[in-house]
>>> print(open('my_file27.cif').read())   # mmCIF, C-alpha atoms
data_work
#
loop_
_atom_site.group_PDB
_atom_site.id
_atom_site.type_symbol
_atom_site.label_atom_id
_atom_site.label_comp_id
_atom_site.auth_asym_id
_atom_site.auth_seq_id
_atom_site.Cartn_x
_atom_site.Cartn_y
_atom_site.Cartn_z
ATOM 1 C CA MET Z 1 0.000 0.000 0.000
ATOM 2 C CA LYS Z 2 2.658 2.503 1.074
ATOM 3 C CA THR Z 3 4.828 1.818 -2.009
ATOM 4 C CA LYS Z 4 1.874 2.453 -4.310
ATOM 5 C CA ILE Z 5 0.863 5.640 -2.481
ATOM 6 C CA LEU Z 6 4.381 7.075 -2.538
ATOM 7 C CA PHE Z 7 4.768 6.191 -6.220
ATOM 8 C CA VAL Z 8 1.567 8.002 -7.134
ATOM 9 C CA ILE Z 9 2.480 11.049 -5.037
ATOM 10 C CA SER Z 10 5.959 11.146 -6.568
ATOM 11 C CA ALA Z 11 4.492 10.894 -10.053
ATOM 12 C CA ILE Z 12 2.116 13.779 -9.404
ATOM 13 C CA ILE Z 13 4.848 15.996 -7.967
ATOM 14 C CA SER Z 14 7.283 15.125 -10.760
ATOM 15 C CA ILE Z 15 4.923 16.335 -13.514
ATOM 16 C CA THR Z 16 3.684 19.360 -11.613
ATOM 17 C CA SER Z 17 4.123 22.733 -13.271
ATOM 18 C CA SER Z 18 6.069 25.514 -11.597
ATOM 19 C CA GLY Z 19 4.200 28.440 -10.088
ATOM 20 C CA GLN Z 20 0.952 28.338 -8.169
ATOM 21 C CA GLY Z 21 -2.330 26.649 -8.951
ATOM 22 C CA ILE Z 22 -5.807 28.093 -8.630
ATOM 23 C CA TYR Z 23 -7.139 28.512 -5.098
ATOM 24 C CA ASP Z 24 -9.453 31.456 -5.514
ATOM 25 C CA HIS Z 25 -12.194 30.674 -3.023
ATOM 26 C CA ASN Z 26 -13.605 28.327 -0.386
ATOM 27 C CA TYR Z 27 -16.575 27.000 -2.366
ATOM 28 C CA PHE Z 28 -18.484 25.515 0.566
ATOM 29 C CA GLU Z 29 -21.299 27.978 -0.032
ATOM 30 C CA ASP Z 30 -24.856 28.162 -1.331
ATOM 31 C CA GLY Z 31 -25.120 26.843 -4.882
ATOM 32 C CA THR Z 32 -22.149 24.458 -4.859
ATOM 33 C CA ARG Z 33 -22.800 20.936 -6.156
ATOM 34 C CA TRP Z 34 -20.556 17.856 -6.193
ATOM 35 C CA ILE Z 35 -21.183 14.707 -8.266
ATOM 36 C CA THR Z 36 -19.445 11.506 -7.168
ATOM 37 C CA GLU Z 37 -19.108 8.191 -8.976
ATOM 38 C CA VAL Z 38 -19.390 5.191 -6.637
ATOM 39 C CA HIS Z 39 -17.929 1.853 -7.713
ATOM 40 C CA GLY Z 40 -19.201 -1.549 -6.650
ATOM 41 C CA GLY Z 41 -19.846 -5.084 -7.842
ATOM 42 C CA PRO Z 42 -17.310 -6.277 -10.434
ATOM 43 C CA PRO Z 43 -14.044 -4.317 -10.310
ATOM 44 C CA PHE Z 44 -14.236 -0.698 -11.505
ATOM 45 C CA MET Z 45 -17.896 -0.923 -12.558
ATOM 46 C CA VAL Z 46 -20.044 2.108 -11.776
ATOM 47 C CA HIS Z 47 -22.522 1.246 -9.057
ATOM 48 C CA ARG Z 48 -24.297 4.615 -8.884
ATOM 49 C CA MET Z 49 -23.869 8.363 -9.189
ATOM 50 C CA GLU Z 50 -24.444 10.533 -6.124
ATOM 51 C CA VAL Z 51 -24.936 14.261 -5.732
ATOM 52 C CA THR Z 52 -24.124 16.461 -2.754
ATOM 53 C CA GLU Z 53 -25.234 20.072 -2.836
ATOM 54 C CA ILE Z 54 -25.512 23.118 -0.605
ATOM 55 C CA SER Z 55 -28.836 24.905 -0.751
ATOM 56 C CA GLY Z 56 -30.409 27.384 1.646
ATOM 57 C CA GLU Z 57 -29.726 28.327 5.242
ATOM 58 C CA THR Z 58 -30.769 27.193 8.712
ATOM 59 C CA VAL Z 59 -30.190 29.069 11.978
ATOM 60 C CA ILE Z 60 -28.919 26.748 14.726
ATOM 61 C CA ASP Z 61 -28.538 28.199 18.222
ATOM 62 C CA GLY Z 62 -28.064 31.644 16.729
ATOM 63 C CA VAL Z 63 -25.525 30.436 14.143
ATOM 64 C CA THR Z 64 -26.424 30.716 10.451
ATOM 65 C CA ALA Z 65 -25.542 27.428 8.765
ATOM 66 C CA LEU Z 66 -25.821 26.132 5.215
ATOM 67 C CA ASN Z 67 -27.841 23.018 4.364
ATOM 68 C CA MET Z 68 -25.841 20.244 2.670
ATOM 69 C CA TYR Z 69 -28.048 17.608 1.015
ATOM 70 C CA HIS Z 70 -27.025 14.209 -0.316
ATOM 71 C CA SER Z 71 -28.914 11.868 -2.671
ATOM 72 C CA PHE Z 72 -28.574 9.694 -5.734
ATOM 73 C CA LEU Z 73 -28.205 11.621 -8.982
ATOM 74 C CA ASP Z 74 -31.748 10.674 -10.029
ATOM 75 C CA GLY Z 75 -33.110 12.424 -6.926
ATOM 76 C CA THR Z 76 -33.896 9.275 -4.931
ATOM 77 C CA ASN Z 77 -32.506 8.339 -1.504
ATOM 78 C CA GLN Z 78 -32.653 11.935 -0.264
ATOM 79 C CA GLU Z 79 -31.028 12.188 3.175
ATOM 80 C CA PRO Z 80 -31.620 14.679 5.993
ATOM 81 C CA PRO Z 81 -29.147 17.546 5.629
ATOM 82 C CA LEU Z 82 -25.816 18.122 7.242
ATOM 83 C CA TYR Z 83 -25.211 21.694 8.388
ATOM 84 C CA ILE Z 84 -22.135 23.528 7.157
ATOM 85 C CA ARG Z 85 -20.356 26.729 8.142
ATOM 86 C CA THR Z 86 -16.978 28.142 7.168
ATOM 87 C CA GLU Z 87 -14.289 30.244 8.804
ATOM 88 C CA GLY Z 88 -11.821 31.335 6.145
ATOM 89 C CA ASP Z 89 -10.049 28.183 4.918
ATOM 90 C CA LYS Z 90 -11.843 25.958 7.437
ATOM 91 C CA VAL Z 91 -15.084 24.029 6.878
ATOM 92 C CA TYR Z 92 -17.129 22.832 9.865
ATOM 93 C CA PHE Z 93 -20.170 20.571 9.975
ATOM 94 C CA LEU Z 94 -22.877 19.457 12.370
ATOM 95 C CA ASP Z 95 -24.718 16.178 11.795
ATOM 96 C CA PRO Z 96 -28.009 15.865 13.711
ATOM 97 C CA GLU Z 97 -28.323 12.222 12.585
ATOM 98 C CA LEU Z 98 -25.489 11.084 14.859
ATOM 99 C CA TYR Z 99 -26.171 9.885 18.396
ATOM 100 C CA VAL Z 100 -23.111 11.418 20.055
ATOM 101 C CA ASP Z 101 -21.930 15.032 19.717
ATOM 102 C CA ASN Z 102 -24.788 15.749 17.339
ATOM 103 C CA ASP Z 103 -24.990 19.319 18.603
ATOM 104 C CA LYS Z 104 -21.298 20.147 18.168
ATOM 105 C CA TRP Z 105 -19.414 21.541 15.193
ATOM 106 C CA HIS Z 106 -16.593 19.405 13.816
ATOM 107 C CA LEU Z 107 -13.797 20.299 11.410
ATOM 108 C CA ALA Z 108 -14.242 18.728 7.963
ATOM 109 C CA TYR Z 109 -11.544 20.531 5.936
ATOM 110 C CA ASP Z 110 -8.722 22.969 6.599
ATOM 111 C CA PHE Z 111 -7.426 24.246 3.265
ATOM 112 C CA GLY Z 112 -5.010 26.532 5.114
ATOM 113 C CA LEU Z 113 -2.714 23.745 6.313
ATOM 114 C CA LYS Z 114 0.940 24.170 5.351
ATOM 115 C CA PRO Z 115 3.364 21.285 4.686
ATOM 116 C CA GLY Z 116 4.187 19.640 7.998
ATOM 117 C CA GLU Z 117 1.068 20.953 9.739
ATOM 118 C CA GLY Z 118 -1.824 18.745 10.788
ATOM 119 C CA CYS Z 119 -5.106 18.598 12.679
ATOM 120 C CA TYR Z 120 -7.958 16.243 13.497
ATOM 121 C CA ILE Z 121 -10.450 15.982 10.639
ATOM 122 C CA TYR Z 122 -13.899 14.464 11.169
ATOM 123 C CA SER Z 123 -15.614 12.411 8.464
ATOM 124 C CA LEU Z 124 -18.562 14.007 6.666
ATOM 125 C CA SER Z 125 -19.755 10.471 5.887
ATOM 126 C CA SER Z 126 -19.769 9.179 9.485
ATOM 127 C CA ARG Z 127 -23.496 8.352 9.263
ATOM 128 C CA HIS Z 128 -22.771 6.198 6.186
ATOM 129 C CA ILE Z 129 -20.218 4.005 7.965
ATOM 130 C CA GLY Z 130 -22.469 3.249 10.925
ATOM 131 C CA GLY Z 131 -20.872 5.766 13.216
ATOM 132 C CA LYS Z 132 -22.644 7.063 16.309
ATOM 133 C CA GLU Z 133 -20.164 9.902 16.532
ATOM 134 C CA PRO Z 134 -17.996 11.666 13.917
ATOM 135 C CA TYR Z 135 -15.121 9.461 12.770
ATOM 136 C CA ALA Z 136 -11.865 11.348 13.379
ATOM 137 C CA LEU Z 137 -8.397 10.888 11.883
ATOM 138 C CA TYR Z 138 -5.322 13.044 12.249
ATOM 139 C CA ILE Z 139 -4.544 14.579 8.857
ATOM 140 C CA GLN Z 140 -1.111 15.975 8.030
ATOM 141 C CA CYS Z 141 -0.372 18.138 4.998
ATOM 142 C CA VAL Z 142 2.542 16.654 3.037
ATOM 143 C CA ALA Z 143 2.702 19.143 0.176
ATOM 144 C CA THR Z 144 0.702 21.591 -1.888
ATOM 145 C CA THR Z 145 1.105 21.342 -5.624
ATOM 146 C CA TRP Z 146 -0.763 21.683 -8.887
ATOM 147 C CA ASN Z 147 -0.958 20.053 -12.276
ATOM 148 C CA PHE Z 148 -2.879 21.702 -15.101
ATOM 149 C CA MET Z 149 -3.455 18.482 -17.010
ATOM 150 C CA LEU Z 150 -4.840 16.538 -14.034
ATOM 151 C CA PHE Z 151 -6.770 19.063 -11.977
ATOM 152 C CA CYS Z 152 -7.626 21.912 -14.366
ATOM 153 C CA GLY Z 153 -4.925 24.051 -12.813
ATOM 154 C CA ARG Z 154 -6.413 23.978 -9.320
ATOM 155 C CA GLU Z 155 -4.087 23.779 -6.349
ATOM 156 C CA LEU Z 156 -3.902 20.393 -4.708
ATOM 157 C CA MET Z 157 -3.080 19.448 -1.121
ATOM 158 C CA ILE Z 158 -1.524 16.030 -0.594
ATOM 159 C CA VAL Z 159 -2.361 14.696 2.861
ATOM 160 C CA GLU Z 160 -1.613 11.661 5.011
ATOM 161 C CA SER Z 161 -3.948 10.177 7.609
ATOM 162 C CA TYR Z 162 -3.155 8.687 11.008
ATOM 163 C CA THR Z 163 -5.311 7.353 13.827
ATOM 164 C CA SER Z 164 -3.873 10.027 16.140
ATOM 165 C CA LYS Z 165 -1.285 12.787 16.327
ATOM 166 C CA GLU Z 166 0.815 10.555 18.578
ATOM 167 C CA GLU Z 167 0.776 7.847 15.921
ATOM 168 C CA MET Z 168 2.000 10.365 13.335
ATOM 169 C CA GLU Z 169 4.821 11.490 15.636
ATOM 170 C CA GLN Z 170 5.876 7.840 16.075
ATOM 171 C CA GLY Z 171 6.137 7.379 12.313
ATOM 172 C CA GLY Z 172 2.905 5.496 11.694
ATOM 173 C CA PRO Z 173 0.763 2.649 13.032
ATOM 174 C CA ALA Z 174 2.424 -0.329 14.700
ATOM 175 C CA GLY Z 175 3.652 -2.720 12.043
ATOM 176 C CA LEU Z 176 3.280 -0.143 9.271
ATOM 177 C CA ASP Z 177 6.130 2.153 8.288
ATOM 178 C CA GLY Z 178 4.300 5.294 7.295
ATOM 179 C CA PRO Z 179 0.759 6.697 7.296
ATOM 180 C CA LEU Z 180 -2.477 4.805 7.602
ATOM 181 C CA ASP Z 181 -3.496 6.194 4.204
ATOM 182 C CA SER Z 182 -2.900 9.067 1.836
ATOM 183 C CA GLY Z 183 -5.234 11.293 -0.138
ATOM 184 C CA GLN Z 184 -5.654 14.494 -2.087
ATOM 185 C CA TRP Z 185 -7.799 17.590 -1.523
ATOM 186 C CA ILE Z 186 -8.596 20.038 -4.301
ATOM 187 C CA MET Z 187 -8.193 23.371 -2.542
ATOM 188 C CA GLY Z 188 -11.510 25.026 -1.765
ATOM 189 C CA ILE Z 189 -13.475 22.133 -3.296
ATOM 190 C CA GLY Z 190 -12.778 18.886 -1.430
ATOM 191 C CA SER Z 191 -11.370 15.373 -1.728
ATOM 192 C CA ILE Z 192 -10.842 13.789 -5.144
ATOM 193 C CA ASN Z 193 -12.635 10.743 -3.674
ATOM 194 C CA GLY Z 194 -15.801 12.813 -3.257
ATOM 195 C CA VAL Z 195 -16.571 15.688 -0.952
ATOM 196 C CA LEU Z 196 -17.913 13.420 1.826
ATOM 197 C CA ASP Z 197 -14.786 11.225 1.816
ATOM 198 C CA ASN Z 198 -12.712 13.953 3.425
ATOM 199 C CA ASN Z 199 -10.559 11.742 5.673
ATOM 200 C CA ARG Z 200 -11.200 8.177 4.453
ATOM 201 C CA PHE Z 201 -9.344 7.704 1.179
ATOM 202 C CA ASN Z 202 -9.101 3.907 0.747
ATOM 203 C CA ASP Z 203 -6.070 4.335 -1.488
ATOM 204 C CA ILE Z 204 -5.858 7.129 -4.050
ATOM 205 C CA GLY Z 205 -8.881 6.949 -6.343
ATOM 206 C CA GLY Z 206 -10.477 4.422 -3.977
ATOM 207 C CA SER Z 207 -14.004 3.167 -4.490
ATOM 208 C CA CYS Z 208 -15.353 6.676 -5.127
ATOM 209 C CA ALA Z 209 -14.262 9.468 -7.436
ATOM 210 C CA LEU Z 210 -15.256 13.120 -7.649
ATOM 211 C CA ILE Z 211 -16.632 13.625 -11.143
ATOM 212 C CA GLU Z 212 -17.665 17.241 -11.140
ATOM 213 C CA ALA Z 213 -17.967 20.284 -8.870
ATOM 214 C CA THR Z 214 -19.966 23.344 -9.883
ATOM 215 C CA ASN Z 215 -21.031 26.587 -8.236
ATOM 216 C CA ASN Z 216 -24.296 28.117 -9.481
ATOM 217 C CA GLY Z 217 -23.700 26.538 -12.881
ATOM 218 C CA LYS Z 218 -20.015 27.472 -13.134
ATOM 219 C CA THR Z 219 -17.742 24.471 -13.556
ATOM 220 C CA LEU Z 220 -15.069 24.406 -10.858
ATOM 221 C CA TYR Z 221 -13.707 20.936 -11.573
ATOM 222 C CA SER Z 222 -14.496 18.054 -13.908
ATOM 223 C CA ASN Z 223 -12.602 14.853 -14.596
ATOM 224 C CA GLY Z 224 -14.566 14.370 -17.809
ATOM 225 C CA THR Z 225 -16.112 10.964 -17.153
ATOM 226 C CA LEU Z 226 -19.584 12.065 -16.110
ATOM 227 C CA GLY Z 227 -22.201 10.221 -18.151
ATOM 228 C CA ILE Z 228 -19.748 7.961 -20.011
ATOM 229 C CA ALA Z 229 -20.299 4.836 -17.932
ATOM 230 C CA ASP Z 230 -24.063 5.226 -17.530
ATOM 231 C CA ALA Z 231 -24.906 7.457 -20.490
ATOM 232 C CA ALA Z 232 -28.552 7.528 -21.425
ATOM 233 C CA ALA Z 233 -29.468 6.352 -24.904
ATOM 234 C CA ASP Z 234 -30.711 9.830 -25.820
ATOM 235 C CA ALA Z 235 -27.700 11.693 -24.411
ATOM 236 C CA PRO Z 236 -26.064 14.124 -26.860
ATOM 237 C CA THR Z 237 -22.809 13.054 -28.502
ATOM 238 C CA MET Z 238 -19.711 15.232 -28.653
ATOM 239 C CA SER Z 239 -16.409 14.949 -30.504
ATOM 240 C CA VAL Z 240 -13.370 17.085 -31.259
ATOM 241 C CA GLN Z 241 -11.297 17.023 -34.432
ATOM 242 C CA GLY Z 242 -8.389 19.437 -34.310
ATOM 243 C CA ASN Z 243 -9.954 22.444 -32.601
ATOM 244 C CA GLU Z 244 -13.452 21.867 -34.019
ATOM 245 C CA LEU Z 245 -16.088 20.731 -31.511
ATOM 246 C CA THR Z 246 -19.142 18.944 -32.915
ATOM 247 C CA VAL Z 247 -22.264 18.336 -30.825
ATOM 248 C CA SER Z 248 -25.153 16.145 -31.978
ATOM 249 C CA GLY Z 249 -28.564 15.583 -30.438
ATOM 250 C CA ALA Z 250 -28.539 18.372 -27.852
ATOM 251 C CA ALA Z 251 -31.961 19.997 -27.606
ATOM 252 C CA GLY Z 252 -30.896 22.908 -25.392
ATOM 253 C CA ALA Z 253 -27.909 25.203 -25.187
ATOM 254 C CA VAL Z 254 -24.413 23.730 -24.968
ATOM 255 C CA SER Z 255 -21.842 25.563 -22.833
ATOM 256 C CA VAL Z 256 -18.078 25.346 -23.294
ATOM 257 C CA TYR Z 257 -15.786 26.321 -20.406
ATOM 258 C CA ASN Z 258 -12.039 26.531 -20.099
ATOM 259 C CA CYS Z 259 -10.279 25.059 -17.063
ATOM 260 C CA ALA Z 260 -10.491 28.343 -15.195
ATOM 261 C CA GLY Z 261 -14.265 27.917 -15.295
ATOM 262 C CA ASN Z 262 -14.813 30.759 -17.780
ATOM 263 C CA LEU Z 263 -17.528 30.390 -20.405
ATOM 264 C CA VAL Z 264 -15.805 30.609 -23.813
ATOM 265 C CA ARG Z 265 -18.449 29.354 -26.245
ATOM 266 C CA THR Z 266 -22.205 28.781 -26.313
ATOM 267 C CA ILE Z 267 -23.890 26.593 -28.922
ATOM 268 C CA ALA Z 268 -27.614 26.260 -29.656
ATOM 269 C CA PRO Z 269 -27.839 23.181 -31.904
ATOM 270 C CA GLY Z 270 -31.598 22.744 -31.551
ATOM 271 C CA GLY Z 271 -31.369 18.956 -31.762
ATOM 272 C CA THR Z 272 -29.253 18.919 -34.930
ATOM 273 C CA ASP Z 273 -25.495 18.774 -35.510
ATOM 274 C CA ALA Z 274 -23.565 21.919 -34.629
ATOM 275 C CA THR Z 275 -19.849 22.685 -34.932
ATOM 276 C CA VAL Z 276 -17.882 25.456 -33.235
ATOM 277 C CA THR Z 277 -14.199 26.395 -33.267
ATOM 278 C CA LEU Z 278 -12.527 26.271 -29.880
ATOM 279 C CA PRO Z 279 -10.278 29.238 -28.944
ATOM 280 C CA GLY Z 280 -6.997 27.341 -28.965
ATOM 281 C CA LYS Z 281 -4.950 24.689 -27.206
ATOM 282 C CA GLY Z 282 -6.025 23.616 -23.749
ATOM 283 C CA ILE Z 283 -8.582 21.637 -21.770
ATOM 284 C CA TYR Z 284 -12.284 22.358 -22.263
ATOM 285 C CA ILE Z 285 -15.351 21.278 -20.317
ATOM 286 C CA VAL Z 286 -18.487 20.884 -22.438
ATOM 287 C CA ARG Z 287 -21.920 20.720 -20.799
ATOM 288 C CA ALA Z 288 -25.195 19.861 -22.494
ATOM 289 C CA GLY Z 289 -28.024 19.428 -19.983
ATOM 290 C CA GLU Z 290 -26.935 16.688 -17.567
ATOM 291 C CA THR Z 291 -24.095 15.483 -19.820
ATOM 292 C CA THR Z 292 -20.548 16.736 -19.255
ATOM 293 C CA ARG Z 293 -17.397 15.911 -21.228
ATOM 294 C CA LYS Z 294 -13.789 17.004 -21.055
ATOM 295 C CA PHE Z 295 -11.673 17.477 -24.185
ATOM 296 C CA THR Z 296 -8.024 18.339 -24.717
ATOM 297 C CA VAL Z 297 -6.941 20.345 -27.749
ATOM 298 C CA ASN Z 298 -3.220 19.950 -28.480
#
>>> encode(input="my_file27.cif", output="structure tokens")
Amino acid sequence: MKTKILFVISAIISITSSGQGIYDHNYFEDGTRWITEVHGGPPFMVHRMEVTEISGETVIDGVTALNMYHSFLDGTNQEPPLYIRTEGDKVYFLDPELYVDNDKWHLAYDFGLKPGEGCYIYSLSSRHIGGKEPYALYIQCVATTWNFMLFCGRELMIVESYTSKEEMEQGGPAGLDGPLDSGQWIMGIGSINGVLDNNRFNDIGGSCALIEATNNGKTLYSNGTLGIADAAADAPTMSVQGNELTVSGAAGAVSVYNCAGNLVRTIAPGGTDATVTLPGKGIYIVRAGETTRKFTVN
């Protein structure tokens, strides 16, 4: 496990561009939506798509909190909300579904950690793993880095998890030379395993993967696989030849974003084929209704 984790981390750092990635905002706010692909059954098969979104406010003991809802992508299996609040780079949550400490705020993310710093992080998915109280692990920041090709230019925090701070100081769990696990946070957005898997990584990539994060319709992050595994028969098709994007079968408007999340083209194919010239080389996110694709123009 450790060899694989260190190899992946080394590979990411070795192909990282110089300079600084995008960390423009803490996006745990009203209107942010995360889509996660959950794997199960035969290896690497998509089991379901899940959506987590922040919508509306609730006042709890005089504190204004945001409502975070979680369900399947088709709208079924709607869960009671978590409550979220932020303080700068920190994200806190309160889960009324837990039996212990269900009236206390717990730290879910700290995007302000510097290499070598750490803190206790509590799992946003504690209710999903049968917990009666928030599941805590000590998270240490290993490095902050960025890679345009992998994460659309957004800054990335590489973290290691330990059962406790004392365990980290001793070099890892008994019988294991190194951390319990290792993971990656996209700064201001959340874990690449899905926003709720903030401290339980189950190896990099794991059994869940963040597919897309948006804020009020603006694409913050997309890995480009949304809709490919479980695409509906009537989903629009998209292709790129050179720098020409062709979209077929999209009834409504098609939006094209660059990796900074800026809208660069809008197409209105009206159900027929439509072709548009992309601005130049780079990575583009194309959205047509509920279908999202990522294309690279070299």
>>> residues_near_point(input="my_file27.cif", point="(-23.4, 11.0, 11.4)", cutoff="12 Å", atoms="all atoms listed in the file", output="JSON, numbers by chain")
{"Z": [79, 80, 81, 82, 83, 93, 94, 95, 96, 97, 98, 99, 100, 101, 102, 103, 104, 105, 106, 122, 123, 124, 125, 126, 127, 128, 129, 130, 131, 132, 133, 134, 135, 136, 196]}
>>> resolve_selection(input="my_file27.cif", expression="the PyMOL selection byres ((chain Z and resi 267) around 10)", output="number ranges by chain")
Z: 246-247, 250, 252-256, 265-266, 268-270, 274-276, 288
>>> atom_distance(input="my_file27.cif", atom1="CA of Tyr120 in chain Z", atom2="CA of Leu137 in chain Z")
5.6 Å
>>> atom_distance(input="my_file27.cif", atom1="CA of Arg293 in chain Z", atom2="CA of Val240 in chain Z")
10.9 Å
>>> atom_distance(input="my_file27.cif", atom1="CA of Phe201 in chain Z", atom2="CA of Asn223 in chain Z")
17.6 Å
>>> resolve_selection(input="my_file27.cif", expression="the PyMOL selection byres ((chain Z and resi 37) around 7)", output="list of chain:residue names")
Z:Ile35, Z:Thr36, Z:Val38, Z:His39, Z:Val46, Z:Arg48, Z:Met49, Z:Glu50, Z:Cys208, Z:Ala209, Z:Leu210, Z:Ile211
>>> build_atoms(input="my_file27.cif", residues="range 234-248 of chain Z", atoms="N, CA, C and O atoms", output="compact mmCIF listing (two decimals), in the coordinates of the input")
# COMPACT_ATOMS: atom_id res chain seq x y z
N ASP Z 234 -30.42 8.59 -25.10
CA ASP Z 234 -30.71 9.83 -25.82
C ASP Z 234 -29.77 10.97 -25.45
O ASP Z 234 -30.03 12.13 -25.78
N ALA Z 235 -28.66 10.65 -24.77
CA ALA Z 235 -27.70 11.69 -24.41
C ALA Z 235 -27.03 12.24 -25.66
O ALA Z 235 -26.78 11.51 -26.62
N PRO Z 236 -26.74 13.55 -25.70
CA PRO Z 236 -26.06 14.12 -26.86
C PRO Z 236 -24.66 13.56 -27.02
O PRO Z 236 -24.03 13.14 -26.03
N THR Z 237 -24.16 13.52 -28.24
CA THR Z 237 -22.81 13.05 -28.50
C THR Z 237 -21.92 14.25 -28.82
O THR Z 237 -22.38 15.24 -29.39
N MET Z 238 -20.67 14.15 -28.44
CA MET Z 238 -19.71 15.23 -28.65
C MET Z 238 -18.40 14.65 -29.15
O MET Z 238 -18.00 13.56 -28.75
N SER Z 239 -17.71 15.38 -30.01
CA SER Z 239 -16.41 14.95 -30.50
C SER Z 239 -15.60 16.18 -30.89
O SER Z 239 -16.15 17.24 -31.19
N VAL Z 240 -14.27 16.01 -30.86
CA VAL Z 240 -13.37 17.08 -31.26
C VAL Z 240 -12.40 16.57 -32.30
O VAL Z 240 -11.78 15.51 -32.11
N GLN Z 241 -12.29 17.29 -33.39
CA GLN Z 241 -11.30 17.02 -34.43
C GLN Z 241 -10.48 18.30 -34.61
O GLN Z 241 -11.02 19.33 -35.00
N GLY Z 242 -9.19 18.22 -34.29
CA GLY Z 242 -8.39 19.44 -34.31
C GLY Z 242 -8.89 20.36 -33.21
O GLY Z 242 -8.90 19.99 -32.04
N ASN Z 243 -9.34 21.55 -33.59
CA ASN Z 243 -9.95 22.44 -32.60
C ASN Z 243 -11.42 22.70 -32.92
O ASN Z 243 -12.00 23.70 -32.49
N GLU Z 244 -12.03 21.76 -33.67
CA GLU Z 244 -13.45 21.87 -34.02
C GLU Z 244 -14.27 20.93 -33.13
O GLU Z 244 -14.06 19.71 -33.14
N LEU Z 245 -15.19 21.50 -32.37
CA LEU Z 245 -16.09 20.73 -31.51
C LEU Z 245 -17.42 20.52 -32.22
O LEU Z 245 -18.05 21.49 -32.67
N THR Z 246 -17.85 19.27 -32.31
CA THR Z 246 -19.14 18.94 -32.92
C THR Z 246 -20.05 18.32 -31.86
O THR Z 246 -19.64 17.40 -31.14
N VAL Z 247 -21.27 18.84 -31.78
CA VAL Z 247 -22.26 18.34 -30.82
C VAL Z 247 -23.49 17.89 -31.61
O VAL Z 247 -23.99 18.63 -32.48
N SER Z 248 -23.98 16.69 -31.29
CA SER Z 248 -25.15 16.14 -31.98
C SER Z 248 -26.21 15.74 -30.96
O SER Z 248 -25.88 15.16 -29.92
